[in-house]
Every structure is written in structure tokens, then in C-alpha cells.
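I have placed the structure first, in the form of C-alpha cells, so that the comments after it can refer back to it.
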Protein chains: 2
Amino acid sequence: MTGMTSLHEFCATRGDLAAPCRHCGAREFNVCQALDAAQQEKLFALALRLQVGKRCRLFSAGDPARYVYNLTEGTVCLSRSLPDGRRQILGFLLPGDFIGFEADETHRRDAEALTEAKLCRFERAAFDGFLEDNPDVALRLLRLASSDLAEAARHEVLLGRKTALERIATFLLDLRDRSGARHLRTQPLALPMTRGEIADYTGLTIETVSRVLGRLRSDKLIEVIGTSAVRLLDDGQLERLSGSA
Amino acid sequence: MTGMTSLHEFCATRGDLAAPCRHCGAREFNVCQALDAAQQEKLFALALRLQVGKRCRLFSAGDPARYVYNLTEGTVCLSRSLPDGRRQILGFLLPGDFIGFEADETHRRDAEALTEAKLCRFERAAFDGFLEDNPDVALRLLRLASSDLAEAARHEVLLGRKTALERIATFLLDLRDRSGARHLRTQPLALPMTRGEIADYTGLTIETVSRVLGRLRSDKLIEVIGTSAVRLLDDGQLERLSGSA
DNA sequence: CCGGACATTTGATCTGGATCAAAGCGGGCC
DNA sequence: GGCCCGCTTTGATCCAGATCAAATGTCCGG
């Protein structure tokens, strides 16, 4: 409990009072992408716009899955932990990512904001209803879930078979690509997560993450800017070091 | 290429010549579950029943995703490999599992039969059409994809944060549970995969897998029956050793 | 601009699992 | 039923990354 903000600190605005979707940064991604005007209006009527602070826990594994979310600003991480506290971070979510959809009524992961974040929140029941009325959206979501699955597969390869150096190179390149796809700045590339969070994503320790970043820096493959940004200086070499191709 | 059978060795029967769905062992699972009679008939009309031999590669990462499959008998493994040959097995599929659905037009994984296997194969385009006409099936598939994602998350925890002993205990308990859910025999529990495949699933080496199984055996937590079966002798202790609870 | 708490880096040592190297063995095939 | 060939087990050694232990930054609040 390190000063974690909680649900009652949400600063919430009703859908009809918030900025309309056409100004939303996440509009062109994922669920919201390619909704027609009528669909968008209906979906937006179900939405509650939220802003949450750094370290805010959106939900925890085991919680009833009452809501689904669409991230519009900020970074959120999904993780799962073992009873003794060891944690595996499953991924870092960026604006446009869809969060919290579960097969049954229970969350299987923890979701925590790494930065201040803004989200659209939907009641699960209402969202399910929307999906039933809009099968094309359900199909889009199915495609999204499939690409999440492909991404999980790449992460499993990273965790099961890559060396520390390969893991960090892969992490940096992936983050750069994902950030770029969302039109976020990639040079320098923001690292909204701590070294500890990078460690929990890559299956390493803080010290190893730090040492590998140090080595990449002294090899002039990256420039480390403060503690929360890097510049990738040699994509080709990083690619080679990533082990993926 | 160790005697791998390939596509032309498929022994294929047309849908209308094969045993009807009502005798299919996979009928009560996944996609086929709870289809009404009319839907089942339509879907079956699209199906080609296949039988493939041990080591048969169904598809490889990078292949165009022309078909989706429903496994009805046997075991199939999904994997991804690095260019230098290191392999990560993502999961072992049992009868009832649905295989090969992709977000775009390309497979992202390799799929290989570990035993002789029977499958229903559907043209991707025809299957997509069926989904459009049957939104309830699309929703079911979406739910399936979500639980696959939850399973991938558990596997990421195993690969990123568990010890060798915890990995093997987890693997054995999971396989037992999954086999049980499909009404397969669990005592003794069949291990249709080699030690090398267990190693590639758990992110370990063959030697470590063998040593850990040896230790579990000498601790009287399992009985090793030949090379392809085990008996779990102390679920509570295995559970504790699995690190998960 | 300063202080102080926490994040990060760096260094020394340890160790779980990998790697290298031989035996066992099992089960498919004739 | 016997004979291989490849799988599996077992043993000895090694090493990448973990752990333990200090420094050093850095950023935030006052």
C-alpha cells in the first residue's frame, strides 16, 4: 500500500458532459475504430469518463468483472502475482487499448495505472448488450483478442527462451513500435514504467535490467535520458540483439 | 525434418460422409457446444474431417491462415520458434480445442500433432461467413479467446517467475485438470509429449525436467509409469509446490 | 535552491539451472 | 522375442543472472 490511490479518488464525469468521441485520442483504435455515427452515439451513452491517478488500481484478479474500459490517455499495466508476491507483468497498455474483458464474471489479472490516466468505463452488462446488438463490433473485438493472443505468444517466447540482453532489446523495440502506432513520441522514447516494472515484465531483476541498459548505453546502442526515457540509436543492431530475426 | 508427415498424407473424408456431429467427442466443447440443430448442420456442411499422423505439421508461423480447425481426437501443440531454433511451446491442445483462428491473414504460431489426431477443418472464409450469420457463435468464440488469454497469462507467470519445481508441478496439475475436463483418464495421466516438449513448454531443459520428475518420484508425490504416463499421488502437496496457492 | 526519500547504478558473491558427457532403457519393428 | 535407435536418466562442471550490499542519482516538495 504505497500511497496507492483507490476507486473513490476517481474524478468521474458523465458521458454527456465529457468531450465527445470525435476529439478522443483513442477514437481511431480498437473498439471505437470504424463505429458508425449511430453506434458511436449509443456506445458513448453507456460510457463514464474517468481520470485516475498514478498507482491507481483499476481492478484486481478475483474481483467481479463489473466493467470494461477503454484507455484514452496514460499507461496502464496488467499483471498477475503469486501468493508470495512474485509478480509477472503481462503487458503495458497504451491509449486505445481495451481493458478488462473477461470470459466469465471474474477478473483474472490486476490492472494498475502507471501514470495519470483517462479511460472510458462501461458497465459490463450494458457493453454485452451493445455487442449483441452490434455483431460487427463483436467480430472486431474477436480479432483484437486474437492479436492479443499473438502478442502473448511473443511474450511467452521472451520469457521462456530469451537471454537478458535479448529480452531488453525486444522490450525496447516493441515499446517503440507500439508507441509509434499510437502516434506517441518515439525519439526520445518515454519509459513510463520503473526499472522494477521492466524487470517484472521481462522476468528479470531490477539489477539485471539496469546492467543491461548500462551495457547498451556503453555500446552506444541507446542513450539513456534521465530515468524515464531513452533514445534508440541503432535499430538494426538492436533488432539483431533481440534474437527475433 | 525427422520423418514429419505433411499435408498430403492427410486422410480426409467429406463432411457428409463422416460420422455426424452427434457422435463427435468434441461436440460438447467450445465452438460446437450449444449450437442449435440448424446451426450445427450448416457448420458441419462446411467441415472437412481430417486425420493426421504423429508429427504432422498443421501449419507454420507465417503461413497464410486459410483454415481453422476443431480438434476432436489426439493432442496438438502450438509453438513459436526463434530463428536459431530455440522453441517455446505455448500450449498443448486437447479434443474440443479450437485451432488456428487469427486476427489477420497469417498464422503466428506453429501447430503440430503430437499423436495421431482427428480434426474438423473449415475454410477460413466460409467460417467467417458463418460467424457473420451467427453472432451468438462469434460471442462464444470471443469468450473462448478471453479464456485463452487468461491461460496465456498463467503461462507467462510460470515462465517468468516460477522455479523449475514449481513449473513442473504446475504443468502436471494443469494437464490433469484439462484432461479431466475433457473426460480423459487422469489416473494414470497420459503424457502424450516427450520430455523435450515438456521442457519447451516449461522453459527448461530436458535434463532439468527429468531431474525434477525424478525428485517428485523419489518424494513419492508422483509415480512415473513408463515414459508417457504418471500418477499424481499427493495433490495437496503438488498444489503447494506449484507456487500458485 | 535544498533536503531527503526513493529509484537506480554499480560491485562482489552465490546458485539454480544450463551445458557437457555418459550410461540406461524402452518400445517399435522385423 | 530380440535388437537397435532414440529417448531418458544420471553425473560433473559451468555460468548467466540472482542475491546481497553499498554508493550514487534524481526528482519532488517545501
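In the C-alpha cells, each chain is lettered A, B, ... as it comes, each chain's residues begin at 1, and ligands are numbered from 1 in order of appearance.
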
Just the strand (DSSP E or B) stuff from stretch 64-185 of chain A, please, per backbone DSSP, written as a PyMOL selection string. chain A and resi 64+67-73+76-81+87-93+98-99+106+110-113+117-123

Could those selected residues go to a file with N, CA, C and O atoms, as a tab-separated table (two decimals), in the first residue's frame?
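Below you can see again37.tsv, which holds the result:
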chain	number	residue	atom	x	y	z
A	64	PRO	N	-14.97	-9.23	-9.07
A	64	PRO	CA	-16.03	-9.38	-10.07
A	64	PRO	C	-15.79	-8.42	-11.22
A	64	PRO	O	-15.43	-7.26	-11.00
A	67	TYR	N	-16.90	-4.03	-14.99
A	67	TYR	CA	-16.71	-3.01	-16.02
A	67	TYR	C	-15.69	-3.43	-17.05
A	67	TYR	O	-14.82	-4.25	-16.78
A	68	VAL	N	-15.80	-2.85	-18.22
A	68	VAL	CA	-14.70	-2.89	-19.18
A	68	VAL	C	-14.30	-1.44	-19.43
A	68	VAL	O	-15.09	-0.52	-19.21
A	69	TYR	N	-13.06	-1.25	-19.89
A	69	TYR	CA	-12.52	0.10	-20.02
A	69	TYR	C	-11.86	0.28	-21.37
A	69	TYR	O	-11.31	-0.66	-21.94
A	70	ASN	N	-11.85	1.48	-21.84
A	70	ASN	CA	-11.06	1.83	-23.00
A	70	ASN	C	-10.11	2.94	-22.55
A	70	ASN	O	-10.55	3.98	-22.06
A	71	LEU	N	-8.82	2.67	-22.67
A	71	LEU	CA	-7.83	3.65	-22.21
A	71	LEU	C	-7.70	4.75	-23.26
A	71	LEU	O	-7.52	4.46	-24.44
A	72	THR	N	-7.78	6.00	-22.83
A	72	THR	CA	-7.65	7.09	-23.81
A	72	THR	C	-6.40	7.93	-23.60
A	72	THR	O	-5.90	8.53	-24.54
A	73	GLU	N	-5.90	7.96	-22.36
A	73	GLU	CA	-4.64	8.67	-22.10
A	73	GLU	C	-3.90	7.98	-20.97
A	73	GLU	O	-4.52	7.54	-20.01
A	76	VAL	N	-1.21	1.93	-18.53
A	76	VAL	CA	-1.73	1.01	-17.52
A	76	VAL	C	-0.96	-0.29	-17.66
A	76	VAL	O	-0.56	-0.65	-18.77
A	77	CYS	N	-0.71	-0.99	-16.55
A	77	CYS	CA	-0.10	-2.30	-16.71
A	77	CYS	C	-1.00	-3.39	-16.19
A	77	CYS	O	-1.72	-3.23	-15.21
A	78	LEU	N	-0.99	-4.53	-16.91
A	78	LEU	CA	-1.70	-5.72	-16.50
A	78	LEU	C	-0.70	-6.68	-15.90
A	78	LEU	O	0.39	-6.87	-16.45
A	79	SER	N	-1.05	-7.31	-14.77
A	79	SER	CA	-0.12	-8.25	-14.16
A	79	SER	C	-0.88	-9.35	-13.44
A	79	SER	O	-2.10	-9.28	-13.26
A	80	ARG	N	-0.13	-10.35	-13.07
A	80	ARG	CA	-0.62	-11.42	-12.20
A	80	ARG	C	0.47	-11.70	-11.19
A	80	ARG	O	1.65	-11.72	-11.53
A	81	SER	N	0.08	-11.96	-9.95
A	81	SER	CA	1.07	-12.22	-8.92
A	81	SER	C	0.83	-13.56	-8.26
A	81	SER	O	-0.29	-14.06	-8.23
A	87	ARG	N	5.73	-11.17	-8.98
A	87	ARG	CA	4.78	-10.60	-9.92
A	87	ARG	C	5.26	-10.76	-11.35
A	87	ARG	O	6.44	-10.64	-11.64
A	88	GLN	N	4.35	-11.06	-12.24
A	88	GLN	CA	4.65	-11.06	-13.68
A	88	GLN	C	3.79	-10.00	-14.34
A	88	GLN	O	2.56	-10.08	-14.27
A	89	ILE	N	4.43	-9.02	-14.95
A	89	ILE	CA	3.67	-8.04	-15.72
A	89	ILE	C	3.42	-8.61	-17.11
A	89	ILE	O	4.33	-9.11	-17.77
A	90	LEU	N	2.16	-8.58	-17.52
A	90	LEU	CA	1.75	-9.21	-18.77
A	90	LEU	C	1.87	-8.26	-19.94
A	90	LEU	O	2.09	-8.68	-21.08
A	91	GLY	N	1.72	-6.98	-19.66
A	91	GLY	CA	1.84	-6.03	-20.75
A	91	GLY	C	1.60	-4.62	-20.27
A	91	GLY	O	1.04	-4.40	-19.19
A	92	PHE	N	2.07	-3.68	-21.07
A	92	PHE	CA	1.85	-2.27	-20.81
A	92	PHE	C	0.84	-1.77	-21.82
A	92	PHE	O	1.04	-1.92	-23.03
A	93	LEU	N	-0.23	-1.17	-21.32
A	93	LEU	CA	-1.30	-0.73	-22.22
A	93	LEU	C	-1.17	0.74	-22.52
A	93	LEU	O	-0.85	1.54	-21.64
A	98	PHE	N	-7.97	-1.74	-24.95
A	98	PHE	CA	-9.23	-2.13	-24.35
A	98	PHE	C	-8.91	-3.03	-23.17
A	98	PHE	O	-8.08	-3.93	-23.30
A	99	ILE	N	-9.51	-2.79	-22.03
A	99	ILE	CA	-9.09	-3.43	-20.79
A	99	ILE	C	-10.24	-4.09	-20.05
A	99	ILE	O	-11.31	-3.50	-19.93
A	106	THR	N	-15.28	-12.88	-13.55
A	106	THR	CA	-14.20	-12.57	-12.61
A	106	THR	C	-12.96	-12.09	-13.34
A	106	THR	O	-12.57	-12.68	-14.35
A	110	ASP	N	-4.50	-8.23	-12.55
A	110	ASP	CA	-4.54	-6.93	-11.90
A	110	ASP	C	-4.30	-5.87	-12.96
A	110	ASP	O	-3.52	-6.08	-13.88
A	111	ALA	N	-4.96	-4.74	-12.81
A	111	ALA	CA	-4.72	-3.61	-13.71
A	111	ALA	C	-4.42	-2.38	-12.88
A	111	ALA	O	-5.18	-2.04	-11.97
A	112	GLU	N	-3.30	-1.75	-13.18
A	112	GLU	CA	-2.88	-0.59	-12.39
A	112	GLU	C	-2.34	0.50	-13.31
A	112	GLU	O	-1.59	0.22	-14.25
A	113	ALA	N	-2.74	1.74	-13.03
A	113	ALA	CA	-2.25	2.85	-13.84
A	113	ALA	C	-0.81	3.17	-13.44
A	113	ALA	O	-0.50	3.27	-12.26
A	117	ALA	N	-4.12	8.63	-15.80
A	117	ALA	CA	-4.72	8.03	-16.99
A	117	ALA	C	-6.17	8.43	-17.11
A	117	ALA	O	-6.84	8.72	-16.11
A	118	LYS	N	-6.63	8.47	-18.36
A	118	LYS	CA	-8.05	8.71	-18.61
A	118	LYS	C	-8.62	7.51	-19.33
A	118	LYS	O	-7.97	6.92	-20.20
A	119	LEU	N	-9.83	7.15	-18.94
A	119	LEU	CA	-10.47	5.97	-19.52
A	119	LEU	C	-11.95	6.22	-19.74
A	119	LEU	O	-12.55	7.06	-19.08
A	120	CYS	N	-12.51	5.44	-20.68
A	120	CYS	CA	-13.95	5.32	-20.78
A	120	CYS	C	-14.34	4.02	-20.10
A	120	CYS	O	-13.82	2.96	-20.45
A	121	ARG	N	-15.25	4.10	-19.16
A	121	ARG	CA	-15.66	2.88	-18.46
A	121	ARG	C	-17.08	2.52	-18.88
A	121	ARG	O	-17.95	3.39	-18.98
A	122	PHE	N	-17.31	1.22	-19.12
A	122	PHE	CA	-18.63	0.72	-19.49
A	122	PHE	C	-19.06	-0.36	-18.52
A	122	PHE	O	-18.24	-1.21	-18.14
A	123	GLU	N	-20.32	-0.34	-18.14
A	123	GLU	CA	-20.84	-1.47	-17.36
A	123	GLU	C	-20.74	-2.71	-18.22
A	123	GLU	O	-21.15	-2.70	-19.39

Identify, on the basis of only C-alpha atoms (C1' of nucleotides), every residue whose closest approach to D:DG6 does not exceed 12 Å; exclude the query and any residue fewer than 5 positions from it along the same chain; express the result as a PyMOL selection string. (chain B and resi 2+194) or (chain C and resi 25-28)

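Any residue of chain D with an atom no more than 9 Å from chain A counts as a contact; using only C-alpha atoms (C1' of nucleotides), that gives D:DA16, D:DG17, D:DA18, D:DT26.
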
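Comparing A:Lys220, A:Arg108, A:Arg231, A:Arg215 by their smallest distance to C:DT9, the closest is A:Arg215 (using only C-alpha atoms (C1' of nucleotides)).
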
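Chains of identical sequence, chain A and chain B give a C-alpha root-mean-square deviation of 0.0 Å after superposition over all matched alpha carbons.
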
Between C:DA18, C:DC30, C:DA7, C:DC2, single out the one closest to chain A, counting only C-alpha atoms (C1' of nucleotides). C:DA7
